[in-house]
Every structure is written in structure tokens, then in C-alpha cells.
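Enquirer: What follows is a structure written as C-alpha cells; I'll ask about it next.
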Amino acid sequence: MTSRSCVNLLDLAASLPNIPETPRSLPRVMTVSGIISDGSASNDGDTDSTSSIIRERKIIVANMLPLNAQKDYVTGKWCFSWDEDSLLLQLKDGFPPDTEVIYVGSLKVEIEPSEQDDISQRLMDEFKCMPTFIPQDMYTKFYHGFCKQQLWPLFHYMLPMCPDHGDRFDRQLWQSYVSANKIFADRVMEVANPEDDYIWIQDYHLMILPTFLRKRYHRVKLGFFLHSPFPSSEIYRTLPVRSEILKGLLNCDLIGFQTFDYARHFLSCCSRMLGLDYESKRGHIGLDYYGRSVFIKILPIGIHIGRLESVLNLQSTFEKVKEILEKFQGKKIILGVDDMDIFKGLSLKFLAFEHLLEVHPQARGKLVLIQIINPARSSGKDVQEAIRETYSAAKRINEIYGFPGYEPVVLIDRHVARYEKSAYYAIADCCIVNAVRDGMNLVPYKYIVCRQGSPGLIQAMGVDKDSPRTSMLVVSEFIGCSPSLSGAIRVNPWDTESVAEAMMVAVYMSDSEKQLRHEKHYRYVSSHNVGYWARSFMQDLERSSKDHYSKRCWGIGLGLSFRVIALSPSFRKLSVDFIASSYKRTSRRAIFLDYDGTIVPQNSIIKAPSPEVIKLLNSLCSDPKNTIFIVSGRDRTSLDEWFHPCERLGLAAEHGYFIRWKKDSDWESLTADLDWKQIVEPVMKQYTEATDGSCIESKETALVWHFQDSDPDFGSCQSKELLDHLENVLANEPAVVKRGQHIVEVKPQGVTKGSVAQKVLSTLMESGSSPDFVMCIGDDRSDEDMFESISSIASSPSLPSAPEIFACTVGQKPSKAKYYLDDTTDVLRLLRGLSVASTTPKPWNTTPFHVAFDGAF
């Protein structure tokens with residue numbers, strides 16, 4: 001089924017395999033009574049129009065739909081039913097009852113192409129489900145290939161160091177991943193009303209889907225939740241397509257993680273690979289990404305307690321409980337429920353249990369480890385190796401420590417019905433989850449609810465209904481649910497001796513303490529269920545996307561590097577032709593220019609201005625109507641040396657502490673107490689010695705600590721600590737501490753670039769040369785003071801007429817300026833245009849005030 005926007009999506013990635021065209025597209029879903037949108041109207045992604053909608057809609061996108069499918073081979077018809085165990089279905093409990101939820105995902109069965117159109121319409125009508133029909137070969141490479149053999153091991157800290165351990169990156173599998181994500185995007189577009197609907201994408205199978213959706217609809221409301229771990233930057237950056245995936249996630253409005261560790265790793269990757277910094281905004285972690293705020297949410301998933309409690313009240317559960325109690329009468333039961341894969345730590349668990357039996361002979365014949373093994377979700381050499389190790393360890397333990405009537409390890413490696421699994425949870429004295437890495441793992445939550453039980457279950461167990469409920473957990477510190485289970489015994493799964501002791505402590509702990517731990521856990525699990533998880537995430541998604549229509553949006557970037565720029569409606573690029581027309585008709589101009597990052601690239605090794613810059617500045621200064629100043633954070637010696645050829649150029653050094661109106665003028669300086677430098681320098685030296693790659697720049701009036709060449713995370717952390725340290729020691733000193741782009745600077749109070757602009761403009765007004773044209777260009781935080789200053793002075797009632805103001809920042813980013821230029825190349829192009837527009841120089845008969853500003857941050 002080809003989406004009407006398929007052509008737009010297919011240009012996002014090159015060299016993709018051919019995607020078979022599917023049957024005709026479905027009509028758009030009716031969103032308002034009596035009105036059907038057929039998608040024929042154009043949408044450039046930047047319209048401010050909104051359509052009215054009566055019923056709130058959420059679109060949940062996941063690899064698999066929450067449906068069971070079975071074909072009746074007698075009639076040849078497909079039968080579909082809800083998968084009641086699916087998280088996607090259960091999360092609806094967190095939404096208001098009148099919310100319409102639409103699911104987009106794949107079916108668990110393959111549908112013939114001739115049937116796909118009818119099945120799609122049927123599933124939309126009966127279940128509000130939109131199936132994605134991905135060709136079988138592509139799906140195999142997408143899911144079993146890239147997802148399961150490359151992403152999943154990497155996200156669980158497994159690197160393909162050699163062919164026997166993990167599959168190395170395969171470009172063809174990546175292309176299938178891209179193609180599959182694009183098919184998902186097409187199907188989402190079939191049903192989405194992008195101006196009103198909230199789209200929630202689930203898990204690592206669809207991490208570049210946000211890029212496709214954001215390209216088509218710039219203001220689409222997108223949330224993403226990662227159910228797996230997110231690895232540290234040292235692991236993640238080994239992925240050849242690391243940037244494409246990061247940029248895909250950053251096209252969302254809200255990104256959710258199970259734990260702070262996973263979120264921290266993601267933020268570290270954004271910092272190290274994309275140069276993005278994050279900050280906490282009123283308790284919410286946010287990243288500024290080209291003017292868009294991308295928020296990070298830390299929210300462990302929950303379980304559907306009602307669904308589990310209903311199973312606990314089944315007669316089959318009661319009977320199974322009685323059967324298990326009779327079979328293991330007089331024994332303490334330790335329960336494990338895990339998938340069969342290499343990250344669940346099954347062999348380590350068995351080694352720990354073996355050690356327990358070895359060092360605690362009294363536990364032999366009394367302790368039993370029941371291990372339920374869920375079917376493996378993937379195949380390969382690693383899974384087969386895990387199976388061999390598991391069975392080998394179980395056999396060895398049973399042979400050494402077992403005897404007639406006693407089997408220490410009981411392996412249940414078959415399909416286990418929910419009622420039977422719940423029965424094992426209910427009777428287990430302890431539950432152990434020993435995974436070496438896991439995204440969340442809900443087994444401990446299910447165990448706690450089953451131990452809480454129900455009246456019927458308690459009666460079947462032969463326990464007094466008024467007796468307190470108890471439970472005990474041993475959990476790996478490397479699983480997502482561990483931080484939320486403060487009453488559990490946390491273990492390092494690799495330390496088998498400690499795990500063995502933890503199991504002994506858990507089993508033989510006093511009932512009173514088990515009761516307290518259980519009550520604490522049950523309060524958390526019952527209040528933080530799957531409904532709470534869905535409701536909390538969606539509330540934050542609504543908050544994150546509420547200002548979509550208050551900004552102008554446009555897309556830039558090719559392929560999977562596409563992103564949306566979102567800025568103030570009044571913020572626009574400064575056109576050379578536009579400013580040149582104003583420049584020509586004005587008679588007295590004040591021009592302020594920053595230096596580093598404005599007329600010289602920020603990352604340039606050569607810091608001196610190029611011959612072209614000198615030539616342009618001299619050309620502009622030769623016009624008697626112009627007053628040009630370079631305003632910089634650099635020292636006056638460097639500026640004097642670099643701009644020695646510029647006779648009529650004004651200089652402001654060290655953010656305006658020193659000012660010189662032209663080359664043959666003396667430097668003017670402010671009067672300030674600099675004794676605080678003796679306090680600051682030893683502190684900065686202490687941090688420099690502790691932070692590799694950092695250095696101190698000593699100026700006449702300021703001290704600057706640079707950490708651009710240090711580790712991004714450590715340098716940023718140290719800079720925040722240094723900022724706090726210096727603010728404390730300088731509390732009573734006439735100095736201010738500011739954090740800039742990879743620097744921490746201490747300078748005298750009252751010295752800003754804004755004060756320079758104010759002084760120059762005031763001097764011009766007092767001399768009777770009030771400017772009717774003021775332009776200021778800069779790229780740094782310190783330049784924002786200039787933008788603010790020229791705006792306030794320009795509106796002064798003492799001026800005969802309001803001048804034309806052109807405050808311009810370098811780079812598309814939030815700013816007090818109303819205009820922007822992309823980079824230093826654009827700045828020089830603008831100056832070149834103004835130079836051409838200048839009139840022929842007249843005899844110098846006026847007092848020139850040439851102003852230039854530089855912020856060396």
C-alpha cells in the first residue's frame with residue numbers, strides 16, 4: 001500500500017532495495033463527524049492551519065500489532081483477536097475512556113499480497129489497526145538481521161570482536177532496516193492527522209522512523225520510548241550508523257528511557273558525537289536541537305495488575321498451586337523465569353546455586369531452584385551456546401548434589417501457561433533475576449503481585465487469610481527494574497559467591513523483614529502500573545509539543561541527516577539585498593562586529609584575521625558615514641597586532657574593559673579592583689591539574705579556564721563544579737563568573753559587550769551624530785548583551801528618530817537578535833555587500849567613531 005507521500009520519503013536514503021508496491025491506499029480515517037480528509041490538499045510541513053477534532057487520538061507504532069492471527073484452512077479466511085498479554089493493548093488503561101487509539105505495526109503471520117488490501121480495511125474497521133506488510137526477505141534482514149544480530153547485542157554491551165561472537169555490521173541489513181522504517185512511515189501517514197494526533201513510537205526497531213515522519217510533517221507530535229538498554233558512548237560509538245540513529249531519535253519531541261543510566265548514556269552520546277549540551281528545565285531534562293526542545297523522560301514501565309490478578313483467581317491456578325506445594329513439600333523454592341539468551345545470566349545463576357550447595361551443606365535437600373525458560377526470541381550460535389551451558393550446568397549440579405527424591409535444579413523448558421507460571425510465582429520463597437544486562441525485566445513485579453495473592457489463592461495454599469504476605473527478591477544491578485526495587489537484594493551477577501550468599505539470606509530472612517520489604521514493593525508496583533506509565537508519558541508528550549505552532553519551522557539536511565529548524569516567527573535570515581537598501585539610504589551608521597566565530601571561524605587554528613577581512617574592514621571604515629568597532633573578549637595586545645593595518649577601526653578588548661576609537665588613539669580603560677585574581681588563579685590551577693586537556697588563559701583583567709580539548713563529559717562536569725566553587729569564593733568580590741562555550745571566565749563586574757555598545761552609541765548621540773543605522777553581529781552568549789543594549793538605546797526618547805536596527809546572530813539558534821546568518825562565510829559575504837554599497841569616500845571632515853566587537857569564547 002503506497003502512501004501518498006512515498007516519493008518524499010524515498011529520497012531520504014540512497015541505494016535502497018526496491019520495495020514492492022502494495023495495493024491501493026486506504027481512505028483517510030474520519031476525524032470529524034461528516035468530514036473526511038482525503039489527503040489531497042497539499043501540506044508543506046510549515047502551515048499554521050489546524051483542523052478541528054472531536055475525539056482525541058493516539059497512534060501507537062510498534063514492530064508488532066497486539067493481535068493474534070489464525071487462518072481457517074477450511075474456509076480460507078483469517079481470524080483475528082486481541083493479544084490480551086500485549087503491552088500495547090494494556091497501555092490503553094492510561095488514556096481517557098473516549099480516546100481513540102490506532103495501532104500501526106506488523107502481523108505475526110505472512111499475508112499474501114492479493115489479500116493485503118482487504119485485510120487492511122478489515123483490521124482498521126474492526127480493531128483500529130493498520131498493518132505494515134513488509135516483504136518477507138526484507139523483514140528477515142530488518143528484524144532477525146539488523147535488529148536482533150546487530151542492534152540488540154550492541155545495546156546489551158556485546159561487541160562483535162570476532163566472527164564467533166556477534167555479527168559485524170552489514171550495510172545490506174542496515175538498508176533493510178531503513179526500508180522497513182520507511183514502510184512504517186507510509187502506513188502511519190495513511191491514518192495520521194499530524195496537526196492533532198499524538199504518535200508514540202516503541203523500541204529500537206523504529207529508531208529512524210521519526211526522521212521520515214518529521215520530514216513530511218514538521219510539526220508532528222512525536223514520542224519515542226526505548227524498552228531496551230542504551231549503551232555507554234564507548235560502546236555505542238562503534239556503530240557505523242551511530243549519527244543517523246541519534247539524529248532520528250532527536251527528531252522526536254520526547255524520548256523515554258527506563259532508567260537514568262540509559263538516559264545519561266544517550267545524552268553523553270549526543271554531547272560527544274553531535275556536540276549537544278543538555279540542561280534541566282524546571283525538573284525536565286531538555287536538549288536544544290536547532291531551536292526545538294527535545295525532552296528526555298525517565299520512566300520505568302509497569303505491569304497490568306488487573307490482568308494478572310484475574311489469572312490468580314482461576315480454578316486452574318488453584319489446582320496448580322496445590323500440585324506444586326505437594327510436589328515440593330518441606331522445601332524452600334527459589335524461582336527464576338527468563339528468556340533463553342546469553343544476557344539473562346542463566347549459567348551464572350546455576351554456578352552461584354552450585355556454590356551455595358557446596359558451602360552450605362545444610363541447604364542440600366531443602367533448597368530447590370526452579371528455572372522456567374521462555375522461548376528464545378532470536379536464533380544463532382550464541383543462543384545454542386547458552387542452551388548447552390544451561391543444560392550442562394543443571395545436569396552437573398543434579399548429579400553432584402541430587403539424590404533419590406531430591407533434584408536441586410528443576411528445568412522447565414517448554415511453553416508454560418500463564419496460570420501455571422503465576423502458580424510458581426505464588427509459592428516461591430524467593431525470586432532471582434540474574435541478568436547481566438536487561439532493559440527492564442518485569443518478572444520481579446509479577447512475582448510481587450502473585451505473592452500478594454487473592455482470597456481464593458490464599459485458601460488454596462492453605463494459609464491463614466489474615467497472615468501477612470511476604471516476598472523476597474534477588475536482582476541484578478544491571479537490569480532496568482533494579483533502581484525501583486529498593487527492598488530487593490541487589491547483586492553483581494558475575495560475582496557468583498555473592499549471589500550465592502544473597503540467595504541464602506533471602507530464603508532464610510525473618511518473616512517480619514520479608515513482610516516489610518514486600519509491602520514496600522507492592523505499594524510501588526501497584527501504583528506504578530502500565531496505565532500510570534502510559535498516562536505519564538503522554539502527559540509529558542503533550543507538554544513537550546505544546547509550542548509547535550508558536551514557531552516557524554523549516555527542514556534542512558539530506559537523507560537521514562534531515563532535521564527541522566524551529567525559531568521565533570520574527571527570526572529570519574538577514575539578506576544582503578535587504579540590509580544594503582537600508583544601508584544606502586542612511587547617513588550615520590554604527591556597526592558592531594564580534595571576532596571569534598563571526599569574522600573568523602571559531603575552530604580555526606589561525607586566529608589572526610585573513611587579508612580579505614582586513615580589506616573589507618578598511619573599505620567600510622573609509623566611508624565617513626560609518627563607525628566600526630570590533631568588540632572582543634580577546635586581549636588588547638592581540639587585537640592591536642592583528643588590526644594594525646586598520647587606521648580607522650575601533651577596538652574593544654576584554655569585553656569592553658579596554659576601548660580604543662582608532663589606531664592613533666590611546667586605550668581607555670575602566671577603573672576596577674583586580675585583587676580577586678589572586679584568589680581565582682589558584683582555584684583554576686587546581687581544576688586544570690585535575691582535568692586533562694584544560695588550560696588557563698590569563699588576560700589583563702580576566703582569567704579564563706578553557707576545557708574545549710578535554711573529555712566532553714568530564715570537562716562539562718568540572719566546569720559546573722568550578723563555576724560553583726568560584727561563585728562561593730568570590731561572593732564578596734567585585735567580579736562575576738560566567739560559563740560560556742567550553743570556558744569559565746571571571747571578569748570585573750559591569751564589564752560586558754553591551755556596555756561597550758551603550759558607550760559608543762551614547763558618545764555618538766552627545767556629539768550630535770545620532771546613528772540612523774545600527775548593525776550588530778555576534779555568535780556567542782556574550783553578544784546577546786550587545787543585541788539587548790542596542791535595542792534599548794535605539795528606543796531611547798532622546799533620539800530624534802528611531803534608527804533601523806539589525807541585530808544578527810551567527811547560526812540558527814534562539815537569540816535576542818531578530819536576524820541570523822549561517823556562518824562566518826555569510827558574514828563576510830554581507831560585509832562585502834555593504835562595502836560595495838558604500839558611497840565614494842569624501843574628505844574626512846567628521847569625527848569618526850569606528851566600533852567593532854569580538855567575543856572570544
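Letters A, B, ... mark the chains of the C-alpha cells in the order given; residue numbers begin at 1 per chain; ligand numbers begin at 1, in order shown.
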List the neighbours of stretch 105-114 of chain A out to 7 Å using only C-alpha atoms; skip same-chain residues closer than 3 positions along the sequence, and give me the result as a list in words.
Expert: Val61, Ala62, Asn63, Met64, Leu65, Ala69, Met130, Pro131, Thr132 and Phe133 of chain A
Enquirer: Pick out the residues sitting within 7 Å of A:His156, and hand them over as a list in words; count only C-alpha atoms, and ignore anything fewer than 6 positions along from it in its own chain.
Expert: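 My reading of the contact set: Pro229, Pro231 and Arg437 of chain A.
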Enquirer: With N, CA and C atoms retained, export the selected residues as a PDB file, in the first residue's frame.
Expert:
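selection_30.pdb, written as the output of this step:
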```pdb
ATOM      1  N   PRO A 229      18.116  -1.426  26.956  1.00  0.00           N
ATOM      2  CA  PRO A 229      19.136  -0.500  27.485  1.00  0.00           C
ATOM      3  C   PRO A 229      19.661   0.399  26.373  1.00  0.00           C
ATOM      4  N   PRO A 231      23.377   1.848  25.481  1.00  0.00           N
ATOM      5  CA  PRO A 231      24.745   1.601  25.974  1.00  0.00           C
ATOM      6  C   PRO A 231      25.535   2.891  26.189  1.00  0.00           C
ATOM      7  N   ARG A 437      22.527  -7.999  31.650  1.00  0.00           N
ATOM      8  CA  ARG A 437      22.091  -6.734  31.060  1.00  0.00           C
ATOM      9  C   ARG A 437      20.667  -6.930  30.568  1.00  0.00           C
TER      10      ARG A 437
END
```
Enquirer: List the spatial neighbours of stretch 721-737 of chain A as a ChimeraX atom specification - criterion: any atom at most 12 Å away, only C-alpha atoms, same-chain residues fewer than 5 positions off excluded.
Expert: /A:671-688,690-691,701-707,714-716,743-752
Enquirer: Running DSSP on the backbone, which parts of stretch 460-644 of chain A land in strand (DSSP E or B), as an MDAnalysis selection string?
Expert: chainID A and resid 473:476 479 489:491 552:556 563:567 572:573 589:593 596 600 626:631
Enquirer: Kindly give the distance, in Å, that separates atom CA of A:Thr211 and atom CA of A:Gly248, rounded to a single decimal.
Expert: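 Going from atom CA of A:Thr211 over to atom CA of A:Gly248 covers 4.9 Å.
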Enquirer: With DSSP run on the backbone, what are the alpha helix (DSSP H) residues within stretch 179-387 of chain A? I'd like them as a PDB file with C-alpha atoms, in the first residue's frame.
Expert:
```
ATOM      1  CA  SER A 179      13.460   0.452   4.071  1.00  0.00           C
ATOM      2  CA  ALA A 180      11.303  -1.187   6.737  1.00  0.00           C
ATOM      3  CA  ASN A 181      11.171   2.043   8.748  1.00  0.00           C
ATOM      4  CA  LYS A 182      10.033   3.879   5.621  1.00  0.00           C
ATOM      5  CA  ILE A 183       7.225   1.403   5.092  1.00  0.00           C
ATOM      6  CA  PHE A 184       6.138   2.037   8.668  1.00  0.00           C
ATOM      7  CA  ALA A 185       6.221   5.781   7.939  1.00  0.00           C
ATOM      8  CA  ASP A 186       3.986   5.326   4.907  1.00  0.00           C
ATOM      9  CA  ARG A 187       1.440   3.417   6.943  1.00  0.00           C
ATOM     10  CA  VAL A 188       1.457   5.961   9.759  1.00  0.00           C
ATOM     11  CA  MET A 189       0.754   8.659   7.203  1.00  0.00           C
ATOM     12  CA  GLU A 190      -2.250   6.721   5.964  1.00  0.00           C
ATOM     13  CA  VAL A 191      -4.041   7.218   9.271  1.00  0.00           C
ATOM     14  CA  LEU A 209      11.118   6.392  11.780  1.00  0.00           C
ATOM     15  CA  PRO A 210      10.940   9.867  13.441  1.00  0.00           C
ATOM     16  CA  THR A 211      13.157  11.295  10.693  1.00  0.00           C
ATOM     17  CA  PHE A 212      10.743  10.177   7.975  1.00  0.00           C
ATOM     18  CA  LEU A 213       7.705  11.488   9.821  1.00  0.00           C
ATOM     19  CA  ARG A 214       9.360  14.786  10.745  1.00  0.00           C
ATOM     20  CA  LYS A 215      10.335  15.411   7.135  1.00  0.00           C
ATOM     21  CA  ARG A 216       6.769  15.009   5.963  1.00  0.00           C
ATOM     22  CA  SER A 233      29.131   6.103  24.455  1.00  0.00           C
ATOM     23  CA  GLU A 234      32.229   3.880  24.342  1.00  0.00           C
ATOM     24  CA  ILE A 235      30.035   1.028  23.107  1.00  0.00           C
ATOM     25  CA  TYR A 236      27.505   2.970  21.045  1.00  0.00           C
ATOM     26  CA  ARG A 242      25.560   5.987  15.044  1.00  0.00           C
ATOM     27  CA  SER A 243      24.839   9.551  13.883  1.00  0.00           C
ATOM     28  CA  GLU A 244      21.875   8.572  11.713  1.00  0.00           C
ATOM     29  CA  ILE A 245      20.197   6.833  14.635  1.00  0.00           C
ATOM     30  CA  LEU A 246      20.920   9.646  17.099  1.00  0.00           C
ATOM     31  CA  LYS A 247      19.530  12.216  14.690  1.00  0.00           C
ATOM     32  CA  GLY A 248      16.486  10.030  14.125  1.00  0.00           C
ATOM     33  CA  LEU A 249      15.696   9.989  17.846  1.00  0.00           C
ATOM     34  CA  LEU A 250      16.300  13.738  18.112  1.00  0.00           C
ATOM     35  CA  PHE A 260      18.579   7.396  34.417  1.00  0.00           C
ATOM     36  CA  ASP A 261      21.657   5.385  33.382  1.00  0.00           C
ATOM     37  CA  TYR A 262      20.201   4.753  29.915  1.00  0.00           C
ATOM     38  CA  ALA A 263      19.206   8.423  29.560  1.00  0.00           C
ATOM     39  CA  ARG A 264      22.640   9.541  30.749  1.00  0.00           C
ATOM     40  CA  HIS A 265      24.342   7.344  28.153  1.00  0.00           C
ATOM     41  CA  PHE A 266      22.136   8.784  25.401  1.00  0.00           C
ATOM     42  CA  LEU A 267      22.881  12.352  26.479  1.00  0.00           C
ATOM     43  CA  SER A 268      26.592  11.565  26.599  1.00  0.00           C
ATOM     44  CA  CYS A 269      26.429  10.252  23.024  1.00  0.00           C
ATOM     45  CA  CYS A 270      24.647  13.437  21.906  1.00  0.00           C
ATOM     46  CA  SER A 271      27.370  15.509  23.568  1.00  0.00           C
ATOM     47  CA  ARG A 272      30.336  13.550  22.228  1.00  0.00           C
ATOM     48  CA  MET A 273      29.088  12.896  18.690  1.00  0.00           C
ATOM     49  CA  LEU A 274      26.839  15.847  17.942  1.00  0.00           C
ATOM     50  CA  ILE A 305      -2.133  -5.777  37.699  1.00  0.00           C
ATOM     51  CA  GLY A 306      -5.783  -6.434  36.888  1.00  0.00           C
ATOM     52  CA  ARG A 307      -4.847  -8.859  34.140  1.00  0.00           C
ATOM     53  CA  LEU A 308      -2.513 -10.744  36.497  1.00  0.00           C
ATOM     54  CA  GLU A 309      -4.999 -10.802  39.363  1.00  0.00           C
ATOM     55  CA  SER A 310      -7.649 -12.286  37.095  1.00  0.00           C
ATOM     56  CA  VAL A 311      -5.347 -15.232  36.424  1.00  0.00           C
ATOM     57  CA  LEU A 312      -4.748 -15.666  40.159  1.00  0.00           C
ATOM     58  CA  GLN A 315      -9.571 -22.549  39.304  1.00  0.00           C
ATOM     59  CA  SER A 316      -6.730 -23.928  37.202  1.00  0.00           C
ATOM     60  CA  THR A 317      -4.306 -21.705  39.145  1.00  0.00           C
ATOM     61  CA  PHE A 318      -5.638 -23.009  42.488  1.00  0.00           C
ATOM     62  CA  GLU A 319      -5.189 -26.590  41.385  1.00  0.00           C
ATOM     63  CA  LYS A 320      -1.682 -25.970  40.056  1.00  0.00           C
ATOM     64  CA  VAL A 321      -0.650 -24.323  43.328  1.00  0.00           C
ATOM     65  CA  LYS A 322      -1.821 -27.356  45.308  1.00  0.00           C
ATOM     66  CA  GLU A 323       0.052 -29.663  42.919  1.00  0.00           C
ATOM     67  CA  ILE A 324       3.330 -27.717  43.251  1.00  0.00           C
ATOM     68  CA  LEU A 325       3.078 -27.492  47.049  1.00  0.00           C
ATOM     69  CA  GLU A 326       2.516 -31.224  47.299  1.00  0.00           C
ATOM     70  CA  LYS A 327       5.425 -31.973  44.956  1.00  0.00           C
ATOM     71  CA  LEU A 346      21.382 -18.469  33.389  1.00  0.00           C
ATOM     72  CA  SER A 347      24.758 -20.176  33.564  1.00  0.00           C
ATOM     73  CA  LEU A 348      25.988 -17.644  36.162  1.00  0.00           C
ATOM     74  CA  LYS A 349      22.851 -18.266  38.229  1.00  0.00           C
ATOM     75  CA  PHE A 350      23.467 -22.016  38.176  1.00  0.00           C
ATOM     76  CA  LEU A 351      27.116 -21.533  39.138  1.00  0.00           C
ATOM     77  CA  ALA A 352      26.008 -19.415  42.100  1.00  0.00           C
ATOM     78  CA  PHE A 353      23.460 -22.040  43.172  1.00  0.00           C
ATOM     79  CA  GLU A 354      26.110 -24.727  42.834  1.00  0.00           C
ATOM     80  CA  HIS A 355      28.418 -22.698  45.077  1.00  0.00           C
ATOM     81  CA  LEU A 356      25.602 -22.290  47.596  1.00  0.00           C
ATOM     82  CA  LEU A 357      25.117 -26.049  47.850  1.00  0.00           C
ATOM     83  CA  GLU A 358      28.851 -26.545  48.135  1.00  0.00           C
ATOM     84  CA  VAL A 359      29.473 -24.134  51.031  1.00  0.00           C
ATOM     85  CA  LYS A 381      25.326 -19.592  17.702  1.00  0.00           C
ATOM     86  CA  ASP A 382      25.090 -17.555  20.883  1.00  0.00           C
ATOM     87  CA  VAL A 383      21.636 -18.944  21.747  1.00  0.00           C
ATOM     88  CA  GLN A 384      22.727 -22.524  21.056  1.00  0.00           C
ATOM     89  CA  GLU A 385      25.769 -21.977  23.250  1.00  0.00           C
ATOM     90  CA  ALA A 386      23.565 -20.632  26.063  1.00  0.00           C
ATOM     91  CA  ILE A 387      21.303 -23.687  25.802  1.00  0.00           C
TER      92      ILE A 387
END
```
Enquirer: What lies within 10 Å of A:Asp785 using only C-alpha atoms, ignoring chain neighbours under 6 positions off, as a list of chain:residue names?
Expert: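 Within the cut-off, the hits are A:Thr752, A:Lys753, A:Gly754, A:Ser755, A:Val756, A:Ala757, A:Lys816.
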Enquirer: Could you name the residues that touch A:Leu367 at 9 Å or less, counting only C-alpha atoms, but leaving out those on the same chain fewer than 5 positions away, as a ChimeraX atom specification?
Expert: /A:331-334,357,408,507
Enquirer: One number please: atom CA of A:Val178 to atom CA of A:Ser293, in Å, one decimal.
Expert: 25.4 Å
